[in-house]
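Trainee: Just so it is clear, I am handing over upload.csv, which has CSV, C-alpha atoms.
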chain,number,residue,atom,x,y,z
A,465,MET,CA,113.8,109.8,90.6
A,466,ILE,CA,112.1,109.7,94.1
A,467,HIS,CA,113.0,112.8,96.1
A,468,SER,CA,111.0,112.4,99.2
A,469,LEU,CA,108.6,110.0,101.0
A,470,PHE,CA,105.9,111.0,103.4
A,471,LEU,CA,103.8,108.7,105.5
A,472,ILE,CA,100.3,110.0,106.4
A,473,ASN,CA,97.7,108.3,108.6
A,474,ASN,CA,93.9,108.1,108.0
A,475,GLY,CA,93.4,111.2,110.1
A,476,GLY,CA,95.7,113.3,107.9
A,477,ASP,CA,98.6,113.4,110.3
A,478,LEU,CA,102.0,113.3,108.6
A,479,PHE,CA,104.0,111.1,111.0
A,480,LEU,CA,107.2,110.3,109.1
A,481,GLU,CA,109.2,111.9,106.2
A,482,LYS,CA,112.4,110.9,104.4
A,483,HIS,CA,114.4,112.9,101.9
A,484,TRP,CA,117.0,111.5,99.5
A,485,LYS,CA,118.0,114.1,96.9
A,486,SER,CA,116.9,117.4,98.5
A,487,VAL,CA,114.6,118.4,101.3
A,488,ILE,CA,111.1,119.2,100.0
A,489,SER,CA,108.8,121.2,102.2
A,490,ARG,CA,105.8,119.4,103.8
A,491,SER,CA,103.6,122.0,102.1
A,492,VAL,CA,103.7,119.9,98.9
A,493,CYS,CA,101.3,117.5,100.7
A,494,ASP,CA,98.6,120.1,100.6
A,495,TYR,CA,97.8,119.0,97.1
A,496,PHE,CA,97.4,115.4,98.4
A,497,PHE,CA,95.1,116.6,101.3
A,498,GLU,CA,92.9,118.3,98.7
A,499,ALA,CA,92.6,115.1,96.6
A,500,ARG,CA,91.9,113.1,99.8
A,501,GLU,CA,89.0,115.4,100.8
A,502,LYS,CA,87.4,115.1,97.3
A,503,ALA,CA,87.6,111.3,97.5
A,504,VAL,CA,84.9,109.7,99.6
A,505,GLU,CA,86.9,106.6,100.3
A,506,PRO,CA,90.7,106.4,100.9
A,507,ASP,CA,91.0,103.8,98.1
A,508,ASN,CA,89.6,106.4,95.7
A,509,VAL,CA,92.4,108.9,96.0
A,510,PRO,CA,94.1,109.3,92.6
A,511,PRO,CA,97.4,107.4,92.6
A,512,VAL,CA,99.1,110.2,90.6
A,513,ILE,CA,98.5,113.8,91.6
A,514,ARG,CA,100.1,116.5,89.5
A,515,THR,CA,101.3,119.8,91.1
A,516,PRO,CA,103.0,122.8,89.4
A,517,HIS,CA,106.5,121.5,90.2
A,518,HIS,CA,106.1,117.9,91.3
A,519,TYR,CA,104.2,114.6,90.8
A,520,LEU,CA,102.8,113.0,94.0
A,521,ILE,CA,102.5,109.2,93.5
A,522,ASN,CA,100.8,107.4,96.4
A,523,ILE,CA,99.4,104.1,97.6
A,524,TYR,CA,97.1,103.2,100.5
A,525,ARG,CA,98.2,100.2,102.7
A,526,GLU,CA,97.1,99.2,106.2
A,527,LYS,CA,95.4,102.6,106.9
A,528,ILE,CA,98.6,104.5,105.9
A,529,PHE,CA,99.2,106.6,102.8
A,530,PHE,CA,102.7,106.3,101.3
A,531,VAL,CA,103.2,109.5,99.3
A,532,SER,CA,106.3,109.9,97.2
A,533,VAL,CA,107.4,113.1,95.6
A,534,ILE,CA,108.8,113.0,92.0
A,535,GLN,CA,110.3,116.0,90.2
A,536,THR,CA,110.8,114.4,86.7
A,537,GLU,CA,108.4,112.3,84.7
A,538,VAL,CA,108.8,108.6,85.5
A,539,PRO,CA,106.7,105.4,84.9
A,540,PRO,CA,104.1,105.6,87.7
A,541,LEU,CA,103.8,101.9,88.0
A,542,PHE,CA,107.5,101.6,88.7
A,543,VAL,CA,107.1,104.0,91.7
A,544,ILE,CA,103.9,102.3,92.9
A,545,GLU,CA,105.6,98.9,92.9
A,546,PHE,CA,108.5,100.3,94.9
A,547,LEU,CA,106.1,101.8,97.5
A,548,HIS,CA,104.3,98.4,97.8
A,549,ARG,CA,107.8,96.8,98.3
A,550,ILE,CA,108.5,99.3,101.2
A,551,ALA,CA,105.2,98.4,102.9
A,552,GLU,CA,105.9,94.7,102.5
A,553,THR,CA,109.4,95.1,103.9
A,554,PHE,CA,107.9,96.8,107.0
A,555,GLN,CA,105.4,94.0,107.3
A,556,ASP,CA,108.2,91.4,107.1
A,557,TYR,CA,110.5,93.1,109.6
A,558,PHE,CA,107.9,94.2,112.3
A,559,GLY,CA,105.1,91.7,111.8
A,560,GLU,CA,102.7,94.4,110.8
A,561,CYS,CA,102.8,97.7,108.9
A,562,SER,CA,101.0,100.1,111.1
A,563,GLU,CA,101.6,103.6,112.4
A,564,THR,CA,102.4,102.3,115.9
A,565,THR,CA,105.0,99.8,114.8
A,566,ILE,CA,106.7,102.3,112.4
A,567,LYS,CA,107.0,104.8,115.3
A,568,ASP,CA,108.3,102.2,117.7
A,569,ASN,CA,111.0,101.1,115.2
A,570,VAL,CA,111.7,104.5,113.6
A,571,VAL,CA,115.5,104.0,113.6
A,572,ILE,CA,115.3,100.7,111.7
A,573,VAL,CA,112.7,102.3,109.4
A,574,TYR,CA,115.2,105.1,108.4
A,575,GLU,CA,118.0,102.5,108.0
A,576,LEU,CA,115.9,100.4,105.7
A,577,LEU,CA,114.8,103.4,103.6
A,578,GLU,CA,118.5,104.5,103.3
A,579,GLU,CA,119.4,101.0,101.9
A,580,MET,CA,116.4,100.5,99.7
A,581,LEU,CA,116.9,103.8,97.8
A,582,ASP,CA,120.3,105.3,96.8
A,583,ASN,CA,120.1,108.9,95.6
A,584,GLY,CA,116.5,108.4,94.7
A,585,PHE,CA,116.9,105.1,92.8
A,586,PRO,CA,115.9,101.6,94.1
A,587,LEU,CA,119.0,99.7,95.3
A,588,ALA,CA,118.3,96.8,97.7
A,589,THR,CA,114.7,95.6,97.8
A,590,GLU,CA,115.1,91.9,98.3
A,591,SER,CA,114.2,90.8,101.9
A,592,ASN,CA,117.1,88.4,102.2
A,593,ILE,CA,119.7,91.0,101.3
A,594,LEU,CA,118.1,93.6,103.6
A,595,LYS,CA,118.1,91.2,106.5
A,596,GLU,CA,121.8,90.7,106.1
A,597,LEU,CA,122.4,94.4,105.9
A,598,ILE,CA,120.1,95.4,108.7
A,599,ARG,CA,119.2,92.7,111.2
A,600,PRO,CA,115.5,92.5,112.1
A,601,PRO,CA,114.6,93.8,115.6
A,602,THR,CA,114.3,91.4,118.6
A,603,ILE,CA,113.8,92.2,122.3
A,604,LEU,CA,117.3,91.0,123.2
A,605,ARG,CA,118.9,92.9,120.3
A,606,SER,CA,117.0,96.1,121.2
A,607,MET,CA,118.2,95.8,124.9
A,608,VAL,CA,121.9,95.2,123.8
A,609,ASN,CA,121.7,98.2,121.4
A,610,THR,CA,120.3,100.4,124.1
A,611,ILE,CA,123.1,99.5,126.6
A,612,THR,CA,126.1,99.4,124.1
A,613,GLY,CA,124.9,102.1,121.7
A,614,SER,CA,125.4,99.8,118.7
A,615,SER,CA,123.0,99.5,115.7
A,616,ASN,CA,121.3,96.8,113.7
A,617,VAL,CA,123.5,97.5,110.6
A,618,GLY,CA,125.6,94.4,109.6
A,619,ASP,CA,129.4,94.5,109.4
A,620,THR,CA,129.7,92.6,106.1
A,621,LEU,CA,128.2,92.8,102.7
A,622,PRO,CA,125.4,90.3,101.9
A,623,THR,CA,126.5,87.2,100.1
A,624,GLY,CA,123.6,87.4,97.6
A,625,GLN,CA,124.5,90.9,96.5
A,626,LEU,CA,127.4,89.7,94.3
A,627,SER,CA,125.7,86.5,93.2
A,628,THR,CA,123.7,85.7,90.1
A,629,ILE,CA,120.8,84.8,92.4
A,630,PRO,CA,120.6,88.0,94.6
A,631,TRP,CA,117.3,87.0,96.1
A,632,ARG,CA,118.7,83.9,98.0
A,633,ARG,CA,121.5,84.0,100.5
A,634,ALA,CA,124.2,81.2,100.5
A,635,GLY,CA,124.6,78.4,103.0
A,636,VAL,CA,120.9,78.2,104.1
A,637,LYS,CA,120.3,75.3,106.5
A,638,TYR,CA,117.1,74.0,108.1
A,639,THR,CA,116.4,71.0,110.4
A,640,ASN,CA,112.8,70.8,108.9
A,641,ASN,CA,112.7,71.4,105.2
A,642,GLU,CA,109.2,72.7,104.1
A,643,ALA,CA,107.5,74.6,101.4
A,644,TYR,CA,104.0,76.1,101.7
A,645,PHE,CA,102.0,77.9,99.1
A,646,ASP,CA,98.8,80.0,99.6
A,647,VAL,CA,96.6,80.6,96.6
A,648,VAL,CA,94.6,83.8,97.6
A,649,GLU,CA,91.9,85.1,95.2
A,650,GLU,CA,89.8,88.3,95.5
A,651,ILE,CA,86.6,88.8,93.6
A,652,ASP,CA,85.7,92.2,92.3
A,653,ALA,CA,82.1,92.3,91.2
A,654,ILE,CA,79.1,94.5,90.6
A,655,LEU,CA,75.6,92.9,90.6
A,656,ASP,CA,72.5,94.7,89.5
A,657,LYS,CA,69.1,94.7,91.3
A,658,SER,CA,68.0,91.5,89.7
A,659,GLY,CA,71.3,89.7,90.7
A,660,THR,CA,72.7,89.7,87.1
A,661,THR,CA,76.5,90.2,86.9
A,662,VAL,CA,77.4,93.6,85.5
A,663,PHE,CA,81.1,93.2,86.0
A,664,ALA,CA,83.3,90.5,87.6
A,665,GLU,CA,87.0,89.8,87.7
A,666,ILE,CA,89.4,87.9,89.9
A,667,GLN,CA,92.7,89.2,91.3
A,668,GLY,CA,94.9,86.3,92.6
A,669,VAL,CA,98.2,85.9,94.2
A,670,ILE,CA,100.3,82.9,95.2
A,671,ASP,CA,102.2,83.6,98.4
A,672,ALA,CA,105.0,81.2,99.4
A,673,CYS,CA,106.8,80.4,102.6
A,674,VAL,CA,109.9,78.3,101.6
A,675,LYS,CA,112.3,77.1,104.2
A,676,LEU,CA,114.6,74.7,102.3
A,677,SER,CA,118.3,74.0,102.8
A,678,GLY,CA,121.0,74.5,100.2
A,679,MET,CA,120.1,75.7,96.7
A,680,PRO,CA,116.9,73.9,95.7
A,681,ASP,CA,115.4,74.3,92.2
A,682,LEU,CA,111.6,74.0,92.3
A,683,THR,CA,109.0,73.4,89.6
A,684,LEU,CA,105.3,74.1,90.3
A,685,SER,CA,102.7,72.9,87.8
A,686,PHE,CA,98.9,73.5,87.7
A,687,MET,CA,96.0,71.3,86.6
A,688,ASN,CA,94.5,74.1,84.5
A,689,PRO,CA,97.2,76.7,83.7
A,690,ARG,CA,95.3,78.1,80.7
A,691,LEU,CA,93.1,80.0,83.2
A,692,LEU,CA,96.0,82.4,83.8
A,693,ASP,CA,96.2,84.9,81.0
A,694,ASP,CA,97.5,88.0,82.8
A,695,VAL,CA,100.4,87.1,85.1
A,696,SER,CA,103.2,88.8,87.0
A,697,PHE,CA,106.1,86.9,88.5
A,698,HIS,CA,108.7,87.3,91.2
A,699,PRO,CA,112.2,87.8,89.5
A,700,CYS,CA,113.2,84.3,90.5
A,701,VAL,CA,110.8,82.7,88.0
A,702,ARG,CA,112.2,81.6,84.6
A,703,TYR,CA,109.7,83.2,82.3
A,704,LYS,CA,110.7,81.3,79.1
A,705,ARG,CA,109.8,78.1,80.8
A,706,TRP,CA,106.4,79.4,81.7
A,707,GLU,CA,105.8,80.6,78.1
A,708,SER,CA,106.7,77.2,76.5
A,709,GLU,CA,105.5,74.7,79.1
A,710,ARG,CA,103.1,76.6,81.4
A,711,VAL,CA,105.0,75.5,84.5
A,712,ILE,CA,106.7,77.8,87.1
A,713,SER,CA,110.4,77.0,87.5
A,714,PHE,CA,112.4,78.9,90.0
A,715,ILE,CA,115.2,78.9,92.7
A,716,PRO,CA,113.1,80.4,95.6
A,717,PRO,CA,114.1,83.2,98.0
A,718,ASP,CA,114.5,82.1,101.6
A,719,GLY,CA,111.4,82.7,103.7
A,720,ASN,CA,108.2,84.5,102.7
A,721,PHE,CA,107.7,86.0,99.3
A,722,GLN,CA,105.0,86.5,96.6
A,723,LEU,CA,105.7,84.0,93.8
A,724,MET,CA,103.2,85.4,91.3
A,725,SER,CA,100.0,87.5,90.9
A,726,TYR,CA,97.4,87.0,88.2
A,727,HIS,CA,94.2,88.5,86.9
A,728,ILE,CA,91.2,86.7,85.4
A,729,SER,CA,88.8,89.1,83.6
A,730,ALA,CA,86.7,86.7,81.6
A,731,GLN,CA,83.2,86.9,83.2
A,732,ASN,CA,82.3,83.3,82.3
A,733,LEU,CA,85.2,82.1,84.4
A,734,VAL,CA,84.2,84.2,87.5
A,735,ALA,CA,81.8,82.3,89.8
A,736,ILE,CA,79.7,84.5,92.2
A,737,PRO,CA,79.7,82.8,95.6
A,738,VAL,CA,76.7,84.5,97.1
A,739,TYR,CA,73.4,85.9,96.0
A,740,VAL,CA,71.6,88.9,97.7
A,741,LYS,CA,67.8,89.5,97.7
A,742,GLN,CA,67.2,93.0,98.8
A,743,ASN,CA,64.4,95.6,98.9
A,744,ILE,CA,65.2,99.1,100.3
A,745,SER,CA,62.4,101.6,99.8
A,746,PHE,CA,61.7,105.1,101.0
A,747,PHE,CA,58.0,106.2,101.3
A,748,GLU,CA,56.8,109.3,99.5
A,749,THR,CA,54.7,110.3,102.5
A,750,GLY,CA,55.9,110.2,106.0
A,751,SER,CA,59.6,110.2,107.1
A,752,SER,CA,60.2,106.5,107.0
A,753,GLY,CA,61.2,103.5,104.8
A,754,ARG,CA,61.6,99.7,104.7
A,755,LEU,CA,64.7,97.5,104.4
A,756,ASP,CA,64.7,93.8,103.7
A,757,ILE,CA,68.0,91.9,102.9
A,758,THR,CA,68.5,88.2,102.6
A,759,VAL,CA,71.9,86.6,101.7
A,760,GLY,CA,72.4,83.0,100.5
A,761,PRO,CA,75.1,80.8,99.0
A,762,LYS,CA,75.3,80.4,95.2
A,763,GLN,CA,78.5,78.9,93.6
A,764,THR,CA,80.6,77.8,96.6
A,765,MET,CA,81.5,74.3,95.4
A,766,GLY,CA,80.2,72.9,98.8
A,767,LYS,CA,82.5,75.1,100.9
A,768,THR,CA,81.3,77.3,103.8
A,769,VAL,CA,81.1,81.1,103.4
A,770,GLU,CA,82.7,82.7,106.5
A,771,CYS,CA,83.3,86.2,107.8
A,772,LEU,CA,80.3,87.5,105.9
A,773,VAL,CA,79.6,91.2,106.4
A,774,VAL,CA,77.1,93.5,104.6
A,775,THR,CA,77.8,97.2,104.6
A,776,VAL,CA,75.2,99.8,103.5
A,777,HIS,CA,76.1,103.5,103.0
A,778,MET,CA,72.7,105.1,103.8
A,779,PRO,CA,71.6,108.5,102.5
A,780,LYS,CA,72.3,111.5,104.7
A,781,VAL,CA,68.6,112.0,105.6
A,782,VAL,CA,68.4,108.6,107.4
A,783,LEU,CA,68.4,109.1,111.2
A,784,SER,CA,68.1,105.6,112.6
A,785,ALA,CA,67.2,102.0,111.8
A,786,ASN,CA,65.0,99.7,113.8
A,787,LEU,CA,65.8,96.3,112.3
A,788,ASN,CA,65.7,92.6,113.2
A,789,ALA,CA,68.5,90.2,112.2
A,790,THR,CA,67.8,86.4,112.2
A,791,GLN,CA,71.6,85.8,112.3
A,792,GLY,CA,74.5,87.9,113.4
A,793,THR,CA,74.5,91.5,114.7
A,794,TYR,CA,73.8,94.9,113.1
A,795,ASN,CA,74.9,98.4,113.9
A,796,TYR,CA,73.9,101.7,112.4
A,797,ASP,CA,76.1,104.7,112.9
A,798,PRO,CA,74.0,107.9,112.7
A,799,VAL,CA,77.2,110.1,112.2
A,800,THR,CA,78.8,108.2,109.3
A,801,LYS,CA,75.4,106.9,108.0
A,802,ILE,CA,76.8,103.4,107.7
A,803,LEU,CA,74.8,100.3,108.4
A,804,LEU,CA,77.0,97.2,109.2
A,805,TRP,CA,75.5,93.7,109.4
A,806,ASP,CA,78.0,91.2,110.7
A,807,ILE,CA,76.6,87.8,109.8
A,808,GLY,CA,79.6,85.5,110.4
A,809,LYS,CA,79.3,82.0,109.0
A,810,LEU,CA,76.6,81.5,106.4
A,811,ASN,CA,74.2,78.7,107.1
A,812,PRO,CA,72.7,77.4,103.8
A,813,LEU,CA,69.8,75.7,105.6
A,814,LYS,CA,68.6,78.8,107.4
A,815,LEU,CA,69.4,81.9,105.3
A,816,PRO,CA,70.2,85.1,107.3
A,817,ASN,CA,67.7,88.0,107.0
A,818,LEU,CA,67.7,91.6,108.1
A,819,LYS,CA,64.5,93.6,107.9
A,820,GLY,CA,62.8,96.4,109.6
A,821,SER,CA,62.0,100.2,109.3
A,822,ILE,CA,64.2,103.2,108.6
A,823,SER,CA,63.5,106.7,110.1
A,824,LEU,CA,64.2,109.8,108.0
A,825,GLN,CA,64.5,113.5,108.9
A,826,SER,CA,61.0,115.0,109.0
A,827,GLY,CA,60.3,117.2,106.1
A,828,ALA,CA,63.4,116.1,104.1
A,829,PRO,CA,62.8,115.1,100.5
A,830,LYS,CA,62.8,111.4,99.6
A,831,PRO,CA,66.3,110.2,98.6
A,832,GLU,CA,66.8,110.1,94.8
A,833,GLU,CA,68.8,106.9,94.8
A,834,ASN,CA,68.8,103.7,96.8
A,835,PRO,CA,72.1,102.9,98.5
A,836,SER,CA,74.3,100.0,97.2
A,837,LEU,CA,75.4,97.1,99.3
A,838,ASN,CA,79.1,96.1,99.8
A,839,ILE,CA,79.7,92.5,100.6
A,840,ASP,CA,82.8,91.1,102.5
A,841,LEU,CA,83.4,87.4,102.8
A,842,LYS,CA,85.9,84.6,103.0
A,843,ILE,CA,85.9,81.0,101.8
A,844,GLN,CA,88.6,78.6,103.0
A,845,GLN,CA,90.0,75.8,100.8
A,846,LEU,CA,88.5,77.2,97.6
A,847,ALA,CA,90.0,79.1,94.7
A,848,ILE,CA,86.9,80.5,93.0
A,849,SER,CA,88.5,80.5,89.6
A,850,GLY,CA,89.0,76.8,89.8
A,851,LEU,CA,92.8,77.0,89.8
A,852,LYS,CA,94.5,74.0,91.3
A,853,VAL,CA,98.1,73.2,91.9
A,854,ASN,CA,99.0,69.8,90.4
A,855,ARG,CA,102.5,69.1,91.9
A,856,LEU,CA,105.7,70.6,93.2
A,857,ASP,CA,109.0,69.0,92.2
A,858,MET,CA,112.4,69.7,93.6
A,859,TYR,CA,115.8,69.3,91.9
A,860,GLY,CA,119.4,69.9,93.0
A,861,GLU,CA,119.0,68.6,96.6
A,862,LYS,CA,118.6,65.0,97.9
A,863,TYR,CA,116.3,65.5,100.9
A,864,LYS,CA,112.5,65.2,100.7
A,865,PRO,CA,110.7,68.4,101.8
A,866,PHE,CA,107.3,68.7,103.3
A,867,LYS,CA,104.9,70.4,100.9
A,868,GLY,CA,101.5,72.1,101.4
A,869,VAL,CA,99.0,74.2,99.5
A,870,LYS,CA,96.1,76.3,100.9
A,871,TYR,CA,93.4,78.0,99.0
A,872,VAL,CA,91.4,81.1,100.1
A,873,THR,CA,88.8,83.2,98.4
A,874,LYS,CA,87.9,86.7,99.6
A,875,ALA,CA,85.7,89.5,98.5
A,876,GLY,CA,87.5,92.6,97.0
A,877,LYS,CA,85.2,95.3,95.8
A,878,PHE,CA,81.9,93.3,95.8
A,879,GLN,CA,78.9,95.6,95.3
A,880,VAL,CA,75.2,94.9,94.9
A,881,ARG,CA,73.1,97.7,93.4
A,882,THR,CA,69.6,98.3,94.7
Output the file's structure as structure tokens, nothing else.
Mentor:
Amino acid sequence: MIHSLFLINNGGDLFLEKHWKSVISRSVCDYFFEAREKAVEPDNVPPVIRTPHHYLINIYREKIFFVSVIQTEVPPLFVIEFLHRIAETFQDYFGECSETTIKDNVVIVYELLEEMLDNGFPLATESNILKELIRPPTILRSMVNTITGSSNVGDTLPTGQLSTIPWRRAGVKYTNNEAYFDVVEEIDAILDKSGTTVFAEIQGVIDACVKLSGMPDLTLSFMNPRLLDDVSFHPCVRYKRWESERVISFIPPDGNFQLMSYHISAQNLVAIPVYVKQNISFFETGSSGRLDITVGPKQTMGKTVECLVVTVHMPKVVLSANLNATQGTYNYDPVTKILLWDIGKLNPLKLPNLKGSISLQSGAPKPEENPSLNIDLKIQQLAISGLKVNRLDMYGEKYKPFKGVKYVTKAGKFQVRT
């Protein structure tokens, strides 16, 4: 199935490679570099690239491209899911999935990749099993390994490997028993010049951090489960129970994991949290133009919009921008032609405004199209879809755990056309 894996940074440097079945030359990545040049943004690189003798299936995570080489035709989503699992394992082991941490822990990275894939086929992908096979790095363990020449590989097989519940290890014990759930939603939306919604959908995930002793059996119920029409669950979830009762029943893995992901595409259910009044114009005569942008809260359910950033990809003829921001700071990069306005926390009583003049190259024709605006934001303690957790019940254990739920709404690909 998967013959090779290449990790490539944003600058196009190939900094790690791993081969399972046979060694494939790095030159196969030339097809990927061609596709990367054609795509304006890293996210726009096609996930599947066909070459004369191979398929290149890739994902982009944390400014790193994970490029896998396939020789036979396989379901692309299967490979994409596995690549995401690799990135999440690195994140779990090292605290972050970056080029620096991967290079600093290159021995453990190769040990993990060797266990996760056997002869090109996925083998051990559960975090609990991997942590028993290969112990996570600590400063003390790294020092001992350097002195004694030993490795992080465990001596015994994981207990969960032979169990009917492979995602949970046996004999888990905690002094404080707690279960936390984060409901994180991302809005993807396109608004036209008048503010009308052209397209809108919500991508949501429920991340869990469960530290419970023994073998607890949990049931999570929602106030309005009918909102969720397109769902994907962790293997621990009993799907038949969800189909019949619309509750999530599961024996949880130990530690951090993604319980479920969901997708809401009905536009009448997608609330747009902010509105944008904008006017970007380029004059027919003279090498200049005007810019005026105002951002305000719309459907925030009384919550504060934070980390608000407006990004404008200006036409190539724009040389500089002389603007005045009533809130936050702005920066225009004349090389990349990107205008970045960092607003921060949105004050509904005094709406932030950015306006001023734009200078163009003298003699250059007026830009044919106005640039679009990309919005980035975060709203704490709000799930924009209206999804709410009703209760969490635990069976099989006698202690009373501490439970908590947090809601966060973020902007995904949120674009305003001008």
Trainee: If you count only C-alpha atoms, which residues fall within 10 Å of A:Gln763, apart from same-chain ones fewer than 2 positions away, as a list in words?
Mentor: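 Counting only the stated atoms, we get Val734, Ala735, Ile736, Pro737, Val738, Tyr739, Pro761, Met765, Gly766, Lys767 and Ile848 of chain A.
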Trainee: Could you pull the residues within 9 Å of A:Thr683, counting all atoms listed in the file, minus those fewer than 6 positions along the same chain, as a ChimeraX atom specification?
Mentor: /A:711-715,855-859
Trainee: What does the file look like for those residues with C-alpha atoms, as a PDB file, in the frame of the given file?
Mentor:
ATOM      1  CA  VAL A 711     105.000  75.500  84.500  1.00  0.00           C
ATOM      2  CA  ILE A 712     106.700  77.800  87.100  1.00  0.00           C
ATOM      3  CA  SER A 713     110.400  77.000  87.500  1.00  0.00           C
ATOM      4  CA  PHE A 714     112.400  78.900  90.000  1.00  0.00           C
ATOM      5  CA  ILE A 715     115.200  78.900  92.700  1.00  0.00           C
ATOM      6  CA  ARG A 855     102.500  69.100  91.900  1.00  0.00           C
ATOM      7  CA  LEU A 856     105.700  70.600  93.200  1.00  0.00           C
ATOM      8  CA  ASP A 857     109.000  69.000  92.200  1.00  0.00           C
ATOM      9  CA  MET A 858     112.400  69.700  93.600  1.00  0.00           C
ATOM     10  CA  TYR A 859     115.800  69.300  91.900  1.00  0.00           C
TER      11      TYR A 859
END
Trainee: Point out the residue among A:Ala828, A:Leu815, A:Ala643, A:Leu733 with the least atom-to-atom distance to A:Thr749, counting only C-alpha atoms.
Mentor: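 Going through A:Ala828, A:Leu815, A:Ala643, A:Leu733 one by one, the smallest distance to A:Thr749 is for A:Ala828.
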Trainee: Report the distance between atom CA of A:Pro601 and atom CA of A:Thr553 in Å, rounded to one decimal place.
Mentor: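 Distance reported for this atom pair: 12.9 Å.
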Trainee: Residues within 8 Å of stretch 554-561 of chain A, please, as an mmCIF file with C-alpha atoms, in the coordinates of the input. Count all atoms listed in the file; anything in the same chain fewer than 2 positions from it doesn't count.
Mentor:
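And here's result_38.cif as it stands now:
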data_model
loop_
_atom_site.group_PDB
_atom_site.id
_atom_site.type_symbol
_atom_site.label_atom_id
_atom_site.label_comp_id
_atom_site.auth_asym_id
_atom_site.auth_seq_id
_atom_site.Cartn_x
_atom_site.Cartn_y
_atom_site.Cartn_z
ATOM 1 C CA GLU A 526 97.100 99.200 106.200
ATOM 2 C CA ILE A 550 108.500 99.300 101.200
ATOM 3 C CA ALA A 551 105.200 98.400 102.900
ATOM 4 C CA GLU A 552 105.900 94.700 102.500
ATOM 5 C CA GLU A 563 101.600 103.600 112.400
ATOM 6 C CA THR A 565 105.000 99.800 114.800
ATOM 7 C CA ILE A 566 106.700 102.300 112.400
ATOM 8 C CA VAL A 573 112.700 102.300 109.400
ATOM 9 C CA SER A 591 114.200 90.800 101.900
ATOM 10 C CA PRO A 600 115.500 92.500 112.100
ATOM 11 C CA PRO A 601 114.600 93.800 115.600
#
Trainee: In terms of the shortest atom-to-atom distance over all atoms listed in the file, which of A:Tyr495, A:Phe878, A:Phe529, A:Trp631 is closest to A:Asp656?
Mentor: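 The closest residue to A:Asp656 is A:Phe878.
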Trainee: I want to know what sits within 7 Å of A:Glu665, based on all atoms listed in the file, with residues of the same chain fewer than 4 positions away left out; could you give that as a ChimeraX atom specification?
Mentor: /A:651-653,728-731,734
Trainee: Give me the residues within 8 Å of A:Asn838 as a count of residues only, counting all atoms listed in the file and dropping any in the same chain fewer than 5 places off.
Mentor: 7
